[in-house]
Each structure stands twice: as structure tokens, then as C-alpha cells.
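Working notes for the structure below.
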Amino acid sequence: MTSPKSPIGGHVPVAGGLATGGLKYAAEIGAETIQVFVSNPRGWALPEGKPAEDAKLRASDVPVYIHTPYLVNFGSPSAETLEKSLATVRHSLQRGHAIGARGVVVHTGSAVTQSYDDAMAQVGEHVLPLLEEIPDDGPDLLLEPMAGQNNMLCAKVQQLGPFFERLEHHPKLGVCFDTCHAFAAGHDLSSPAGVAETIDALVETVGPGRLKLVHANDSKDICGSAKDRHENIGAGHIGEKAFAELFAHPEVAGVPFIIETPGRSATPHGNDIKTLKRLRDT
Ligand SMILES: [Zn+2]
């Protein structure tokens with residue numbers, strides 16, 4: 001049996017419209033899958049979609065993912081931040097349903113000044129109802145572990161365990177694995193057995209079939225740095241070999257890869273996608 005191929009794509013700018021702008025950029029960089037923002041990533045505004053653009057994206061055969069804004073934090077001690085976080089993720093899930101997105105990515109967040117236990121209790125109390133609201137044909141909610149700085153609730157893949165317990169292993173719950181974050185958190189993906197050990201640990205923690213998306217980013221910093229600075233594929237401390245190993249891991253086969261690498265033009269992004277396709281296909 002040959003394993004399914006992972007589609008490879010990138011986070012795309014959506015100036016000009018989700019479908020018009022996003023799919024145009026996707027074509028320029030050779031993306032087979034895309035990730036978009038459906039609201040300002042550094043704000044709380046919750047814009048409505050444009051029905052024609054939504055329909056166009058839904059009709060495309062490109063797998064689409066939504067990244068929620070950076071301000072979202074389910075572990076925040078601020079009632080106001082928590083409330084806005086919930087409203088924002090609900091908005092992304094509803095927009096995701098409208099555009100036919102497969103997943104909505106949310107950062108696992110930080111306890112900031114409260115205790116880990118209090119923050120995790122908050123996650124269970126408020127995020128489980130959000131999962132319950134997702135219709136059967138709606139997107140999955142994908143938890144993305146972080147690089148490990150500032151009282152983060154989850155950086156190592158093993159720390160996904162308490163999230164899955166609090167969220168009762170809900171069928172709409174999944175994982176977005178960011179290579180740069182994992183490397184920064186201390187998973188040495190550049191070591192000979194690093195990729196296999198990390199993905200095996202992830203599967204052991206959350207069970208098979210929960211890994212739904214890979215954020216494929218190299219790292220400007222060394223393993224365990226706790227720094228979240230993405231680098232172009234092969235140009236950082238993770239290196240090309242780790243990405244080739246990821247494609248070959250049975251749990252990762254078929255899971256889409258999205259780059260979030262540096263560069264403000266199609267050239268560096270197109271090159272990263274070309275590199276990943278070579279590593280996938282050889
Ligand atoms: Zn990411």
C-alpha cells in the first residue's frame with residue numbers, strides 16, 4: 001500500500017478577497033493547500049465574510065485552514081481577554097464552516113499570572129462548549145503547542161495530554177504540529193531519531209489520527225531555545241532531513257504541510273514549497 005501524499009502549501013495573504021487574493025497567491029507559490037486569517041491577526045474585530053468569496057473558496061478543491069488571531073488566550077487571567085478569545089474562536093469556527101475549512105488553528109495559550117491548574121480548569125470549562133457547537137460538517141479545532149516561553153500551557157507534545165483530558169477527547173479536537181515551536185520547546189528534530197521520537201510521543205499522548213496539520217517552519221534558533229523565530233526550509237537549525245523524515249512517518253502521511261516562513265514576496269515562499277515537494281517526492 002502506498003501512503004497518501006501530504007499536500008504542501010502556505011499561509012497566504014488575502015488582500016483582494018479570501019478566494020480571489022488567497023488562491024491567486026497560492027497559484028504563484030505552487031501551494032496545494034492554504035491557511036488564511038479571517039480577521040485581523042493582531043486585533044479583536046470580527047468581520048463578516050463576503051458570500052461570493054466564501055462560495056468560491058468552498059468550491060475550490062484546495063484544502064483550507066484558518067489561523068485564529070494571536071491575541072487569543074484561553075488561559076488568560078483576564079475575564080475580558082477570555083471572553084474576547086472565546087468570541088474570536090467561535091467566529092473563526094463559523095467562518096470556517098462557511099468557507100469549507102477543514103481546521104481552525106488555535107495557540108494553546110499561557111497561564112500568564114495565574115496557576116497552571118486554574119488556567120487548565122478554564123480551558124475545560126469554556127472550550128468544551130465551543131467544541132460541542134461545531135456542526136458535523138464543520139472544521140476541527142486544532143491545538144498548536146507553543147515554543148515554551150512565558151508560562152505557556154503546552155510546548156512539549158506530552159503537554160497536549162491534559163488538554164485532551166480536559167476536552168474529553170472530543171471528536172472535533174485535533175493537533176497542529178509546528179516544527180519550529182517543537183524544536184524550540186526541546187524536541188530535537190535534527191537528531192537521528194528526533195522526528196520519530198517526537199511524533200511517536202505525540203501519538204502516545206493524544207492517540208492516532210489526531211494530527212491534522214503540520215506548520216512546516218525551520219528555526220533561526222537552536223533546539224530548546226524557547227524562541228519562536230521561523231526560518232526558511234533548510235536554512236535553519238532543523239534542516240531539510242527532518243522534513244523528509246516527517247513526510248515518511250506513517251502518522252504524518254497525508255497530513256497537509258503549511259509554511260509560515262519569512263519573506264514578503266512569492267519567491268521565498270515558492271522556493272520553500274519547492275524544497276518541501278522535493279523532500280516529499282524523493
Ligand atoms: Zn505555526
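Simple scheme: letters A, B, ... for chains in C-alpha cells order, numbers from 1 for residues in each chain, numbers from 1 for ligands in the order shown.
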
Query raised in the report: Using the chain letters and numbers from this document, which residues of range 138-203 of chain A does DSSP assign to strand (DSSP E or B), as a PyMOL selection string?
Result: chain A and resi 140-144+152+173-178

What would the file look like if the residues just selected were written as a compact mmCIF listing (two decimals), in the first residue's frame with C-alpha atoms?
# COMPACT_ATOMS: atom_id res chain seq x y z
CA ASP A 140 -11.88 20.68 13.56
CA LEU A 141 -10.39 22.82 16.32
CA LEU A 142 -6.63 22.27 16.13
CA LEU A 143 -4.44 22.91 19.16
CA GLU A 144 -1.00 24.28 18.31
CA MET A 152 2.89 28.55 28.23
CA LEU A 173 -10.35 18.16 18.59
CA GLY A 174 -7.06 17.84 16.71
CA VAL A 175 -3.43 18.94 16.73
CA CYS A 176 -1.41 21.34 14.58
CA PHE A 177 2.28 20.43 14.96
CA ASP A 178 4.62 23.38 14.35

**Report entry** Those of range 119-211 of chain A in DSSP alpha helix (DSSP H), formatted as a ChimeraX atom specification
**Finding:** /A:119-133,160-166,179-184,194-206

Requested in this report: For ligand 1, list the contacting residues at 9 Å or closer, counting only C-alpha atoms and all ligand atoms, as a VMD selection string.
Outcome: chain A and resid 67 105 107 144 to 146 176 to 181 214 to 217 230 258 to 260

Query raised in the report: What is the CA of Leu167 in chain A-CA of Leu211 in chain A distance in Å, reported with one decimal?
Result: 15.9 Å

**Report entry** 9 Å contact set for Leu246 in chain A, only C-alpha atoms, chain neighbours under 4 positions out, as an MDAnalysis selection string
**Finding:** chainID A and resid 195:196 199 241:242 250:253 280

Keeping only C-alpha atoms, write the selected residues as a PDB file, in the first residue's frame.
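Ended up saving to selection07.pdb:
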ATOM      1  CA  VAL A 195      11.415  13.137  14.374  1.00  0.00           C
ATOM      2  CA  ALA A 196      10.296   9.559  15.060  1.00  0.00           C
ATOM      3  CA  ILE A 199       5.778  12.060  16.551  1.00  0.00           C
ATOM      4  CA  LYS A 241      16.458  15.954   6.681  1.00  0.00           C
ATOM      5  CA  ALA A 242      13.890  16.405   9.453  1.00  0.00           C
ATOM      6  CA  PRO A 250       3.204   6.835   8.870  1.00  0.00           C
ATOM      7  CA  GLU A 251       1.251   9.106  11.236  1.00  0.00           C
ATOM      8  CA  VAL A 252       2.145  12.165   9.134  1.00  0.00           C
ATOM      9  CA  ALA A 253       1.451  10.611   5.714  1.00  0.00           C
ATOM     10  CA  ARG A 280       8.261  14.611  -0.093  1.00  0.00           C
TER      11      ARG A 280
END

Query - A:Pro208, A:Gly194, A:Val203, A:Asp272 ranked by distance to Asn232 in chain A, top pick (using only C-alpha atoms) - result: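 Under the stated criterion, the closest residue is A:Asp272.
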
Report task. Excluding Gln149 in chain A and any residue of its chain fewer than 2 positions from it, enumerate the residues within 9 Å of it, using only C-alpha atoms, and give them as a PyMOL selection string. Result -> chain A and resi 110+146-147+151-152+155+185+226-228

Query raised in the report: Which residues come within 10 Å of Pro135 in chain A, counting only C-alpha atoms, excluding same-chain residues fewer than 3 positions away, as a PyMOL selection string?
Result: chain A and resi 93-94+97+131-132+138-140+172

Query raised in the report: Near range 117-122 of chain A, counting only C-alpha atoms, which residues have an atom at most 12 Å away, once you skip same-chain residues fewer than 2 positions from it, shown as a PyMOL selection string?
Result: chain A and resi 73-79+82-83+86+108-115+124-129+151-154+159-167

Based on the selection just made, write N, CA and C atoms of those residues as an mmCIF file, in the first residue's frame.
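Heads up, here's the output in again_12.cif:
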data_model
loop_
_atom_site.group_PDB
_atom_site.id
_atom_site.type_symbol
_atom_site.label_atom_id
_atom_site.label_comp_id
_atom_site.auth_asym_id
_atom_site.auth_seq_id
_atom_site.Cartn_x
_atom_site.Cartn_y
_atom_site.Cartn_z
ATOM 1 N N ASN A 73 -6.260 33.769 23.956
ATOM 2 C CA ASN A 73 -5.628 33.020 25.036
ATOM 3 C C ASN A 73 -6.686 32.491 26.007
ATOM 4 N N PHE A 74 -6.950 31.192 25.907
ATOM 5 C CA PHE A 74 -7.938 30.558 26.796
ATOM 6 C C PHE A 74 -7.439 30.473 28.241
ATOM 7 N N GLY A 75 -6.140 30.678 28.456
ATOM 8 C CA GLY A 75 -5.586 30.566 29.815
ATOM 9 C C GLY A 75 -5.471 31.906 30.512
ATOM 10 N N SER A 76 -5.926 32.967 29.855
ATOM 11 C CA SER A 76 -5.730 34.315 30.411
ATOM 12 C C SER A 76 -6.461 34.519 31.723
ATOM 13 N N PRO A 77 -5.795 35.165 32.711
ATOM 14 C CA PRO A 77 -6.477 35.508 33.961
ATOM 15 C C PRO A 77 -7.461 36.671 33.797
ATOM 16 N N SER A 78 -7.410 37.352 32.663
ATOM 17 C CA SER A 78 -8.323 38.474 32.428
ATOM 18 C C SER A 78 -9.651 37.968 31.865
ATOM 19 N N ALA A 79 -10.742 38.279 32.577
ATOM 20 C CA ALA A 79 -12.066 37.835 32.128
ATOM 21 C C ALA A 79 -12.381 38.414 30.749
ATOM 22 N N LEU A 82 -10.432 36.489 28.086
ATOM 23 C CA LEU A 82 -11.036 35.169 27.904
ATOM 24 C C LEU A 82 -12.305 35.276 27.062
ATOM 25 N N GLU A 83 -13.147 36.251 27.408
ATOM 26 C CA GLU A 83 -14.417 36.430 26.691
ATOM 27 C C GLU A 83 -14.180 36.752 25.210
ATOM 28 N N LEU A 86 -12.919 33.644 23.339
ATOM 29 C CA LEU A 86 -13.982 32.695 23.009
ATOM 30 C C LEU A 86 -14.803 33.194 21.825
ATOM 31 N N THR A 108 -2.165 27.139 22.073
ATOM 32 C CA THR A 108 -2.600 26.548 23.344
ATOM 33 C C THR A 108 -2.555 27.538 24.501
ATOM 34 N N GLY A 109 -1.877 28.658 24.340
ATOM 35 C CA GLY A 109 -2.011 29.750 25.287
ATOM 36 C C GLY A 109 -1.111 29.686 26.505
ATOM 37 N N SER A 110 -1.295 30.687 27.366
ATOM 38 C CA SER A 110 -0.426 30.884 28.522
ATOM 39 C C SER A 110 -1.264 31.144 29.767
ATOM 40 N N ALA A 111 -0.747 30.708 30.932
ATOM 41 C CA ALA A 111 -1.432 30.985 32.197
ATOM 42 C C ALA A 111 -1.176 32.424 32.645
ATOM 43 N N VAL A 112 -0.221 33.102 32.020
ATOM 44 C CA VAL A 112 0.198 34.471 32.356
ATOM 45 C C VAL A 112 0.521 34.559 33.845
ATOM 46 N N THR A 113 -0.388 35.090 34.671
ATOM 47 C CA THR A 113 -0.074 35.256 36.096
ATOM 48 C C THR A 113 -0.840 34.287 36.990
ATOM 49 N N GLN A 114 -1.744 33.483 36.411
ATOM 50 C CA GLN A 114 -2.462 32.549 37.285
ATOM 51 C C GLN A 114 -1.780 31.183 37.283
ATOM 52 N N SER A 115 -2.270 30.263 38.106
ATOM 53 C CA SER A 115 -1.625 28.955 38.188
ATOM 54 C C SER A 115 -1.981 28.126 36.963
ATOM 55 N N GLY A 124 -11.052 23.734 30.166
ATOM 56 C CA GLY A 124 -12.098 22.713 30.156
ATOM 57 C C GLY A 124 -13.486 23.325 30.181
ATOM 58 N N GLU A 125 -13.647 24.305 31.072
ATOM 59 C CA GLU A 125 -14.968 24.906 31.277
ATOM 60 C C GLU A 125 -15.463 25.643 30.030
ATOM 61 N N HIS A 126 -14.563 26.348 29.348
ATOM 62 C CA HIS A 126 -15.008 27.242 28.273
ATOM 63 C C HIS A 126 -14.794 26.712 26.851
ATOM 64 N N VAL A 127 -13.812 25.842 26.673
ATOM 65 C CA VAL A 127 -13.509 25.394 25.306
ATOM 66 C C VAL A 127 -14.350 24.176 24.917
ATOM 67 N N LEU A 128 -14.671 23.345 25.902
ATOM 68 C CA LEU A 128 -15.505 22.177 25.580
ATOM 69 C C LEU A 128 -16.853 22.587 24.961
ATOM 70 N N PRO A 129 -17.536 23.611 25.519
ATOM 71 C CA PRO A 129 -18.782 24.061 24.872
ATOM 72 C C PRO A 129 -18.585 24.543 23.435
ATOM 73 N N ASN A 151 5.186 31.085 30.714
ATOM 74 C CA ASN A 151 4.108 30.291 31.356
ATOM 75 C C ASN A 151 3.162 29.627 30.360
ATOM 76 N N MET A 152 3.707 29.219 29.229
ATOM 77 C CA MET A 152 2.888 28.546 28.227
ATOM 78 C C MET A 152 2.270 27.268 28.799
ATOM 79 N N LEU A 153 1.044 26.990 28.414
ATOM 80 C CA LEU A 153 0.343 25.805 28.933
ATOM 81 C C LEU A 153 0.787 24.525 28.226
ATOM 82 N N CYS A 154 1.352 24.670 27.031
ATOM 83 C CA CYS A 154 1.732 23.480 26.268
ATOM 84 C C CYS A 154 2.821 23.831 25.272
ATOM 85 N N GLN A 159 2.557 17.644 26.737
ATOM 86 C CA GLN A 159 1.674 18.577 27.455
ATOM 87 C C GLN A 159 0.311 18.734 26.774
ATOM 88 N N LEU A 160 0.144 18.104 25.617
ATOM 89 C CA LEU A 160 -1.185 18.068 24.998
ATOM 90 C C LEU A 160 -2.110 17.138 25.776
ATOM 91 N N GLY A 161 -1.537 16.217 26.545
ATOM 92 C CA GLY A 161 -2.338 15.239 27.285
ATOM 93 C C GLY A 161 -3.413 15.876 28.148
ATOM 94 N N PRO A 162 -3.028 16.796 29.053
ATOM 95 C CA PRO A 162 -4.050 17.448 29.892
ATOM 96 C C PRO A 162 -5.111 18.206 29.084
ATOM 97 N N PHE A 163 -4.750 18.761 27.934
ATOM 98 C CA PHE A 163 -5.753 19.429 27.088
ATOM 99 C C PHE A 163 -6.790 18.419 26.594
ATOM 100 N N PHE A 164 -6.298 17.282 26.116
ATOM 101 C CA PHE A 164 -7.227 16.275 25.602
ATOM 102 C C PHE A 164 -8.099 15.712 26.721
ATOM 103 N N GLU A 165 -7.524 15.587 27.937
ATOM 104 C CA GLU A 165 -8.341 15.108 29.065
ATOM 105 C C GLU A 165 -9.424 16.122 29.416
ATOM 106 N N ARG A 166 -9.012 17.387 29.574
ATOM 107 C CA ARG A 166 -9.990 18.437 29.917
ATOM 108 C C ARG A 166 -11.070 18.565 28.838
ATOM 109 N N LEU A 167 -10.695 18.321 27.592
ATOM 110 C CA LEU A 167 -11.639 18.499 26.481
ATOM 111 C C LEU A 167 -12.247 17.163 26.049
#

Query raised in the report: Counting only C-alpha atoms, what is within 9 Å of Val38 in chain A, bar same-chain residues fewer than 3 positions away, as a list of chain:residue names?
Result: A:Val14, A:Leu18, A:Pro41, A:Leu46, A:Pro47, A:Glu48, A:Gly49, A:Ile66, A:His67, A:Thr68, A:Pro69, A:His91, A:Ser92, A:Arg95, A:Gly96

If you keep C-alpha atoms, can you produce a file of those selected residues as a PDB file, in the first residue's frame?
ATOM      1  CA  VAL A  14      -5.967  37.599   1.414  1.00  0.00           C
ATOM      2  CA  LEU A  18     -10.252  35.267   0.638  1.00  0.00           C
ATOM      3  CA  PRO A  41      -4.397  38.643  13.470  1.00  0.00           C
ATOM      4  CA  LEU A  46     -14.818  40.053  13.847  1.00  0.00           C
ATOM      5  CA  PRO A  47     -15.622  40.917  10.223  1.00  0.00           C
ATOM      6  CA  GLU A  48     -18.363  39.260   8.219  1.00  0.00           C
ATOM      7  CA  GLY A  49     -17.396  37.274   5.161  1.00  0.00           C
ATOM      8  CA  ILE A  66      -7.875  29.179   9.365  1.00  0.00           C
ATOM      9  CA  HIS A  67      -5.382  30.564  11.869  1.00  0.00           C
ATOM     10  CA  THR A  68      -7.043  32.416  14.760  1.00  0.00           C
ATOM     11  CA  PRO A  69      -5.617  35.811  15.857  1.00  0.00           C
ATOM     12  CA  HIS A  91     -16.194  33.478  14.844  1.00  0.00           C
ATOM     13  CA  SER A  92     -13.308  31.584  13.190  1.00  0.00           C
ATOM     14  CA  ARG A  95     -16.309  31.398   9.186  1.00  0.00           C
ATOM     15  CA  GLY A  96     -14.528  28.087   8.741  1.00  0.00           C
TER      16      GLY A  96
END

Query raised in the report: Looking at only C-alpha atoms, which of A:Gly30, A:Gly103, A:Gly43, A:Pro63 is the one that sits closest to Thr88 in chain A?
Result: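 When distances to Thr88 in chain A are compared using only C-alpha atoms, the smallest one comes from A:Gly43.
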
Query raised in the report: Which is closer to Thr267 in chain A than all the others in A:Ile29, A:Ile238, A:Val36, A:Leu23, using only C-alpha atoms?
Result: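 The answer is A:Ile29, which sits nearest to Thr267 in chain A.
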